[in-house]
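Novice: Hey, dropping protein25.cif in here, mmCIF, C-alpha atoms:
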```
data_run
#
loop_
_atom_site.label_atom_id
_atom_site.label_comp_id
_atom_site.auth_asym_id
_atom_site.auth_seq_id
_atom_site.Cartn_x
_atom_site.Cartn_y
_atom_site.Cartn_z
CA MET A 516 0.00 0.00 0.00
CA LYS A 517 2.80 2.37 0.92
CA GLU A 518 4.60 1.50 -2.30
CA VAL A 519 1.57 2.46 -4.38
CA ALA A 520 1.25 5.76 -2.53
CA PHE A 521 4.95 6.45 -2.90
CA PHE A 522 5.02 5.79 -6.63
CA ALA A 523 1.86 7.81 -7.20
CA GLY A 524 3.42 10.73 -5.33
CA ALA A 525 6.76 10.29 -7.05
CA ILE A 526 5.21 10.26 -10.50
CA GLY A 527 3.19 13.35 -9.68
CA ALA A 528 6.18 15.19 -8.24
CA LEU A 529 8.56 14.24 -11.03
CA GLY A 530 6.02 14.79 -13.81
CA GLY A 531 5.16 18.19 -12.37
CA ALA A 532 8.84 19.10 -12.13
CA ILE A 533 9.55 18.12 -15.73
CA ALA A 534 6.40 19.90 -16.92
CA VAL A 535 7.61 23.09 -15.19
CA ILE A 536 10.74 23.23 -17.31
CA ALA A 537 9.22 21.76 -20.49
CA LEU A 538 6.09 23.89 -20.93
CA ARG A 539 6.64 27.06 -22.89
CA ASN A 540 3.88 29.16 -21.35
CA PRO A 541 4.90 30.37 -17.84
CA PHE A 542 1.28 30.20 -16.71
CA TYR A 543 1.16 26.46 -17.39
CA SER A 544 4.52 26.08 -15.65
CA VAL A 545 3.01 27.60 -12.52
CA LEU A 546 0.07 25.19 -12.70
CA ALA A 547 2.48 22.27 -13.14
CA LEU A 548 4.36 23.42 -10.06
CA ILE A 549 1.10 23.27 -8.07
CA VAL A 550 0.70 19.60 -9.11
CA HIS A 551 4.30 19.01 -8.05
CA LEU A 552 3.78 20.65 -4.65
CA ILE A 553 0.60 18.71 -3.88
CA SER A 554 2.23 15.39 -4.80
CA LEU A 555 5.17 16.33 -2.62
CA ALA A 556 2.79 17.02 0.28
CA GLY A 557 1.57 13.43 -0.12
CA LEU A 558 5.15 12.20 0.11
CA PHE A 559 5.64 14.31 3.24
CA LEU A 560 2.65 12.52 4.76
CA LEU A 561 4.28 9.17 3.96
CA LEU A 562 7.37 10.40 5.82
CA GLN A 563 5.18 11.29 8.81
CA GLY A 564 5.55 15.01 8.38
CA GLU A 565 1.91 15.82 9.02
CA PHE A 566 2.40 19.45 9.93
CA LEU A 567 4.76 20.06 7.04
CA ALA A 568 2.37 18.47 4.56
CA ALA A 569 -0.39 20.78 5.76
CA ALA A 570 1.94 23.78 5.67
CA GLN A 571 3.11 22.81 2.20
CA ILE A 572 -0.45 22.84 0.87
CA VAL A 573 -1.64 25.92 2.75
CA VAL A 574 1.46 28.11 2.41
CA TYR A 575 3.03 26.89 -0.82
CA ALA A 576 0.31 25.51 -3.04
CA GLY A 577 -2.09 28.08 -1.63
CA ALA A 578 -0.53 31.44 -0.89
CA VAL A 579 2.77 31.45 -2.78
CA MET A 580 1.30 29.95 -5.93
CA VAL A 581 -1.51 32.51 -5.97
CA LEU A 582 1.21 35.16 -6.02
CA TYR A 583 2.89 33.39 -8.93
CA VAL A 584 -0.37 33.07 -10.83
CA PHE A 585 -1.03 36.79 -10.41
CA VAL A 586 2.42 37.77 -11.65
CA ALA A 587 2.29 35.29 -14.55
CA ALA A 588 -1.04 36.75 -15.61
CA TYR A 589 0.21 40.32 -15.14
CA VAL A 590 3.45 39.90 -17.06
CA GLY A 591 1.79 37.78 -19.71
CA ASN A 592 3.41 35.32 -22.01
CA VAL A 593 7.10 36.16 -22.31
CA ASP A 594 8.28 34.57 -25.51
CA GLU A 595 11.75 33.16 -25.21
CA PRO A 596 13.85 33.96 -28.26
CA LEU A 597 15.48 31.14 -30.14
CA TRP A 598 18.78 32.97 -30.12
CA GLU A 599 21.18 31.29 -27.73
CA PRO A 600 24.10 33.24 -26.25
CA ILE A 601 25.89 30.00 -25.45
CA PRO A 602 25.82 27.73 -28.50
CA GLY A 603 24.22 24.39 -27.76
CA GLN A 604 22.73 25.52 -24.44
CA ARG A 605 19.63 23.47 -25.20
CA PHE A 606 21.64 20.26 -25.16
CA ILE A 607 24.31 21.09 -22.60
CA ALA A 608 21.87 22.14 -19.86
CA PRO A 609 19.98 18.80 -19.60
CA LEU A 610 23.30 17.00 -19.86
CA LEU A 611 24.60 18.92 -16.82
CA GLY A 612 21.38 18.11 -14.97
CA VAL A 613 21.82 14.40 -15.69
CA ALA A 614 25.46 14.60 -14.62
CA LEU A 615 24.45 16.21 -11.33
CA PHE A 616 21.83 13.51 -10.74
CA VAL A 617 24.35 10.76 -11.40
CA GLU A 618 26.76 12.40 -8.99
CA LEU A 619 24.13 12.74 -6.26
CA GLY A 620 22.97 9.17 -6.89
CA ILE A 621 26.51 7.88 -6.45
CA ALA A 622 26.78 9.91 -3.24
CA ILE A 623 23.50 8.51 -1.86
CA ILE A 624 23.90 4.88 -2.87
CA GLY A 625 27.65 4.79 -2.40
CA SER A 626 27.38 6.13 1.15
CA GLY A 627 26.50 2.60 2.23
CA LEU A 628 24.58 3.82 5.26
CA LYS A 629 22.64 0.95 6.79
CA SER A 630 19.89 3.19 8.09
CA LEU A 631 19.00 4.28 4.56
CA GLU A 632 18.05 0.74 3.63
CA SER A 633 15.11 0.61 5.99
CA GLU A 634 11.93 2.51 6.57
CA GLY A 635 13.49 4.18 9.55
CA PRO A 636 12.82 3.41 13.19
CA THR A 637 9.29 3.07 14.48
CA VAL A 638 8.21 6.40 15.87
CA ASP A 639 5.40 7.25 18.22
CA LEU A 640 2.10 8.60 16.99
CA GLY A 641 2.82 12.27 17.62
CA PHE A 642 5.85 12.35 15.30
CA GLY A 643 5.65 15.44 13.11
CA SER A 644 2.39 16.66 14.59
CA PRO A 645 1.85 20.42 15.05
CA GLU A 646 2.27 19.96 18.80
CA SER A 647 5.75 18.51 18.69
CA ILE A 648 6.96 20.76 15.86
CA GLY A 649 5.65 23.81 17.68
CA GLU A 650 7.34 22.74 20.87
CA LEU A 651 10.68 22.34 19.09
CA LEU A 652 10.22 25.61 17.25
CA LEU A 653 9.48 27.63 20.37
CA GLU A 654 12.00 25.97 22.66
CA ARG A 655 15.09 24.66 20.92
CA PHE A 656 14.87 26.68 17.73
CA LEU A 657 13.54 29.92 19.13
CA ILE A 658 16.33 32.00 17.62
CA ALA A 659 15.79 30.50 14.16
CA PHE A 660 12.07 31.16 14.55
CA GLU A 661 12.62 34.81 15.44
CA ALA A 662 15.19 35.22 12.67
CA ALA A 663 12.66 33.78 10.20
CA SER A 664 10.03 36.27 11.34
CA LEU A 665 12.49 39.13 10.95
CA LEU A 666 13.43 37.84 7.49
CA LEU A 667 9.77 37.76 6.46
CA LEU A 668 9.32 41.33 7.63
CA VAL A 669 12.38 42.51 5.70
CA ALA A 670 11.20 40.65 2.59
CA ALA A 671 7.74 42.22 2.81
CA VAL A 672 9.19 45.71 3.15
CA GLY A 673 11.62 45.00 0.31
CA ALA A 674 8.85 43.83 -1.99
CA VAL A 675 6.85 46.99 -1.30
CA VAL A 676 9.88 49.14 -2.05
CA LEU A 677 10.75 47.20 -5.21
CA ALA A 678 7.33 46.85 -6.77
CA GLY A 679 5.73 50.00 -5.43
CA ARG A 680 4.79 52.87 -7.68
CA LYS A 681 7.45 55.36 -8.53
CA ARG A 682 7.09 58.51 -6.51
CA ALA A 683 6.27 61.64 -8.44
CA SER A 684 9.64 63.33 -8.53
CA MET B 309 9.64 2.10 1.34
CA ASP B 310 13.34 2.48 1.95
CA ILE B 311 14.61 5.93 2.69
CA THR B 312 16.97 5.59 -0.29
CA TRP B 313 14.00 5.87 -2.66
CA TYR B 314 13.04 9.21 -1.19
CA LEU B 315 16.62 10.46 -1.40
CA VAL B 316 16.97 9.41 -5.03
CA LEU B 317 13.68 11.13 -5.83
CA SER B 318 14.85 14.29 -4.11
CA ALA B 319 18.10 14.19 -6.08
CA LEU B 320 16.09 13.78 -9.27
CA ILE B 321 13.88 16.77 -8.46
CA PHE B 322 16.94 18.85 -7.63
CA ALA B 323 18.62 17.89 -10.92
CA VAL B 324 15.49 18.79 -12.86
CA GLY B 325 15.50 22.18 -11.13
CA VAL B 326 19.16 22.76 -12.01
CA ALA B 327 18.55 21.82 -15.64
CA GLY B 328 15.61 24.23 -15.71
CA VAL B 329 17.67 27.12 -14.35
CA LEU B 330 20.32 26.47 -16.99
CA LEU B 331 17.81 25.99 -19.79
CA ARG B 332 15.08 28.57 -19.39
CA ARG B 333 15.51 32.29 -19.84
CA SER B 334 12.34 33.76 -18.43
CA PRO B 335 13.04 34.99 -14.87
CA LEU B 336 9.61 33.77 -13.75
CA VAL B 337 10.36 30.20 -14.82
CA ILE B 338 13.81 30.42 -13.26
CA LEU B 339 12.17 31.30 -9.94
CA LEU B 340 9.88 28.29 -10.37
CA CYS B 341 12.95 26.10 -10.90
CA LEU B 342 14.51 27.50 -7.72
CA GLU B 343 11.36 26.35 -5.95
CA LEU B 344 11.89 22.90 -7.42
CA MET B 345 15.40 22.77 -6.01
CA LEU B 346 14.28 23.95 -2.57
CA ASN B 347 11.56 21.31 -2.56
CA GLY B 348 14.04 18.61 -3.48
CA GLY B 349 16.10 19.72 -0.49
CA ASN B 350 13.03 19.68 1.73
CA LEU B 351 12.20 16.14 0.71
CA ALA B 352 15.74 15.03 1.59
CA LEU B 353 15.49 16.80 4.97
CA LEU B 354 12.24 15.00 5.75
CA ALA B 355 13.64 11.67 4.60
CA PHE B 356 16.65 12.02 6.89
CA SER B 357 14.43 13.20 9.72
CA ARG B 358 12.36 10.03 9.33
CA SER B 359 15.43 7.88 9.03
CA LEU B 360 16.87 9.24 12.27
CA GLY B 361 13.52 9.27 14.05
CA ASN B 362 14.16 12.88 14.98
CA GLU B 363 11.90 15.83 14.28
CA GLU B 364 14.59 18.46 13.98
CA GLY B 365 14.87 17.93 10.23
CA GLN B 366 11.23 18.93 9.89
CA VAL B 367 11.90 22.21 11.67
CA PHE B 368 14.73 22.79 9.20
CA ALA B 369 12.36 22.12 6.31
CA LEU B 370 9.89 24.60 7.77
CA ILE B 371 12.59 27.29 7.92
CA VAL B 372 13.51 26.46 4.31
CA MET B 373 9.89 27.10 3.37
CA VAL B 374 10.04 30.50 5.08
CA VAL B 375 13.21 31.40 3.18
CA ALA B 376 11.59 30.23 -0.05
CA ALA B 377 8.60 32.49 0.61
CA CYS B 378 10.94 35.46 1.12
CA GLU B 379 12.81 34.66 -2.05
CA VAL B 380 9.56 34.49 -4.01
CA VAL B 381 8.35 37.81 -2.65
CA VAL B 382 11.55 39.64 -3.52
CA GLY B 383 11.97 37.87 -6.88
CA LEU B 384 8.43 38.57 -8.01
CA GLY B 385 8.81 42.18 -6.84
CA LEU B 386 11.87 42.48 -9.08
CA ILE B 387 10.03 40.95 -12.03
CA VAL B 388 7.07 43.30 -11.63
CA ALA B 389 9.41 46.30 -11.29
CA ALA B 390 11.33 45.27 -14.43
CA TYR B 391 8.09 44.77 -16.36
CA ARG B 392 6.81 48.20 -15.34
CA ARG B 393 10.00 49.87 -16.56
CA ARG B 394 9.71 48.06 -19.91
CA ILE B 395 12.91 46.13 -19.26
CA PRO B 396 12.87 42.92 -21.32
CA LEU B 397 12.15 39.89 -19.17
CA ASN B 398 14.98 37.76 -20.42
CA VAL B 399 17.95 36.89 -18.25
CA ASP B 400 20.33 37.10 -21.21
CA GLU B 401 19.47 40.73 -21.71
CA LEU B 402 19.44 41.63 -18.00
CA ARG B 403 23.19 41.83 -17.77
CA SER B 404 24.02 45.41 -16.86
CA LEU B 405 25.60 44.13 -13.62
CA ARG B 406 28.04 41.98 -15.55
CA GLY B 407 31.58 43.27 -15.32
#
```
Now that the file is in, can you turn its structure into structure tokens?

Specialist:
Amino acid sequence: MKEVAFFAGAIGALGGAIAVIALRNPFYSVLALIVHLISLAGLFLLLQGEFLAAAQIVVYAGAVMVLYVFVAAYVGNVDEPLWEPIPGQRFIAPLLGVALFVELGIAIIGSGLKSLESEGPTVDLGFGSPESIGELLLERFLIAFEAASLLLLVAAVGAVVLAGRKRAS
Amino acid sequence: MDITWYLVLSALIFAVGVAGVLLRRSPLVILLCLELMLNGGNLALLAFSRSLGNEEGQVFALIVMVVAACEVVVGLGLIVAAYRRRIPLNVDELRSLRG
């Protein structure tokens, strides 16, 4: 049962990822990324990350993607010229991607870690629940939490400054 | 399912994101590919967190999501600002910062 769920999620995530880079219209790329994110949330559930799966759908597939959809609709279809500054970029780029994957695959499989060849230890029921994540976030990782909130504030102010209307001057 | 499967999938998603950044020239799609890479990293963090039976990896993944949200906000702000000033949205032509 878990295998079926994993492969369904993996196909969704991978298909969405490939569709993002293969589709020519940015609007469709954004929609493909939503498919990718929702499949990935399913995989997070399989890994017992309940809170993260919920956050992934609410924050990512919900809020962030709405922002993307708005900008894609506002900017419209940007046609990518066929002119290539680096000759053969179309063929070299996927080749580099494959090379990176092979390298990472060698690193993962060649690490020979025993713990990677199992489903992981049995964990108690509350693993990854909002309660336990919140406890960690507000006790052990309080500084990271506060830094993240400060970062969000700075990013919001920066976006207003960047995208705001030009002042009459 | 073995944790290795999840790690290989995350490597695959990351590689697809890298190929997209190298291949595409619309800044909007490049931002989408950055999201792909961050999500590949998140999947690996969750897989290791499960493999160690320790929730700290999930907190890391949550912070990564926050950073990704910031990156999106600033990146989209830049794209909108460039579009308003009639600057072509093509990363090959946006090279006035190149030495």

Novice: Residues picked by the PyMOL selection byres ((chain A) within 6 of (chain B)) here, as a list in words?

Specialist: Ile536, Ala608, Pro609, Gly612, Phe616, Leu631, Glu632, Ser633, Glu634, Gly635, Pro636, Leu667, Ala670, Ala674, Leu677 and Ala678 of chain A

Novice: Draw an axis-aligned box tight on the listed atoms of region 346-359 of chain B, then pad every side by 4 Å and write out centre and edge lengths in Å to one decimal as lines of an AutoDock Vina configuration file.

Specialist:
```
center_x = 14.1
center_y = 15.9
center_z = 3.1
size_x = 13.1
size_y = 24.1
size_z = 21.2
```

Novice: By how many Å are CA of Val550 (chain A) and CA of Ala587 (chain A) apart?

Specialist: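 Between CA of Val550 (chain A) and CA of Ala587 (chain A) the gap is 16.7 Å.
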
Novice: What gap, in Å, lies between CA of Leu619 (chain A) and CA of Glu518 (chain A)?

Specialist: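 If I compute the distance from CA of Leu619 (chain A) to CA of Glu518 (chain A), I get 22.9 Å.
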
Novice: List as a PDB file with C-alpha atoms, in the frame of the given file the residues having at least one atom at most 10 Å from position (6.3, 12.3, 12.5) as given in the file, counting all atoms listed in the file.

Specialist:
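Heads up, here's the output in part.pdb:
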```
ATOM      1  CA  PHE A 559       5.640  14.310   3.240  1.00  0.00           C
ATOM      2  CA  LEU A 560       2.650  12.520   4.760  1.00  0.00           C
ATOM      3  CA  LEU A 561       4.280   9.170   3.960  1.00  0.00           C
ATOM      4  CA  LEU A 562       7.370  10.400   5.820  1.00  0.00           C
ATOM      5  CA  GLN A 563       5.180  11.290   8.810  1.00  0.00           C
ATOM      6  CA  GLY A 564       5.550  15.010   8.380  1.00  0.00           C
ATOM      7  CA  GLU A 565       1.910  15.820   9.020  1.00  0.00           C
ATOM      8  CA  PHE A 566       2.400  19.450   9.930  1.00  0.00           C
ATOM      9  CA  LEU A 567       4.760  20.060   7.040  1.00  0.00           C
ATOM     10  CA  THR A 637       9.290   3.070  14.480  1.00  0.00           C
ATOM     11  CA  VAL A 638       8.210   6.400  15.870  1.00  0.00           C
ATOM     12  CA  ASP A 639       5.400   7.250  18.220  1.00  0.00           C
ATOM     13  CA  LEU A 640       2.100   8.600  16.990  1.00  0.00           C
ATOM     14  CA  GLY A 641       2.820  12.270  17.620  1.00  0.00           C
ATOM     15  CA  PHE A 642       5.850  12.350  15.300  1.00  0.00           C
ATOM     16  CA  GLY A 643       5.650  15.440  13.110  1.00  0.00           C
ATOM     17  CA  SER A 644       2.390  16.660  14.590  1.00  0.00           C
ATOM     18  CA  PRO A 645       1.850  20.420  15.050  1.00  0.00           C
ATOM     19  CA  SER A 647       5.750  18.510  18.690  1.00  0.00           C
ATOM     20  CA  ILE A 648       6.960  20.760  15.860  1.00  0.00           C
TER      21      ILE A 648
ATOM     22  CA  LEU B 354      12.240  15.000   5.750  1.00  0.00           C
ATOM     23  CA  SER B 357      14.430  13.200   9.720  1.00  0.00           C
ATOM     24  CA  ARG B 358      12.360  10.030   9.330  1.00  0.00           C
ATOM     25  CA  GLY B 361      13.520   9.270  14.050  1.00  0.00           C
ATOM     26  CA  ASN B 362      14.160  12.880  14.980  1.00  0.00           C
ATOM     27  CA  GLU B 363      11.900  15.830  14.280  1.00  0.00           C
ATOM     28  CA  GLN B 366      11.230  18.930   9.890  1.00  0.00           C
TER      29      GLN B 366
END
```

Novice: Pull out every residue that the PyMOL selection byres ((chain A and resi 548) around 9) matches in the shown coordinates and put them as a list in words.

Specialist: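 On this input, the PyMOL selection byres ((chain A and resi 548) around 9) captures Ala528, Gly531, Ala532, Ala534, Val535, Tyr543, Ser544, Val545, Leu546, Ala547, Ile549, Val550, His551, Leu552, Ile553, Ala576 and Met580 of chain A; Leu340, Glu343 and Leu344 of chain B.
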
Novice: Please indicate the distance in Å from CA of Val581 (chain A) to CA of Ala523 (chain A), rounded to one decimal place.

Specialist: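 Interatomic distance here is 25.0 Å.
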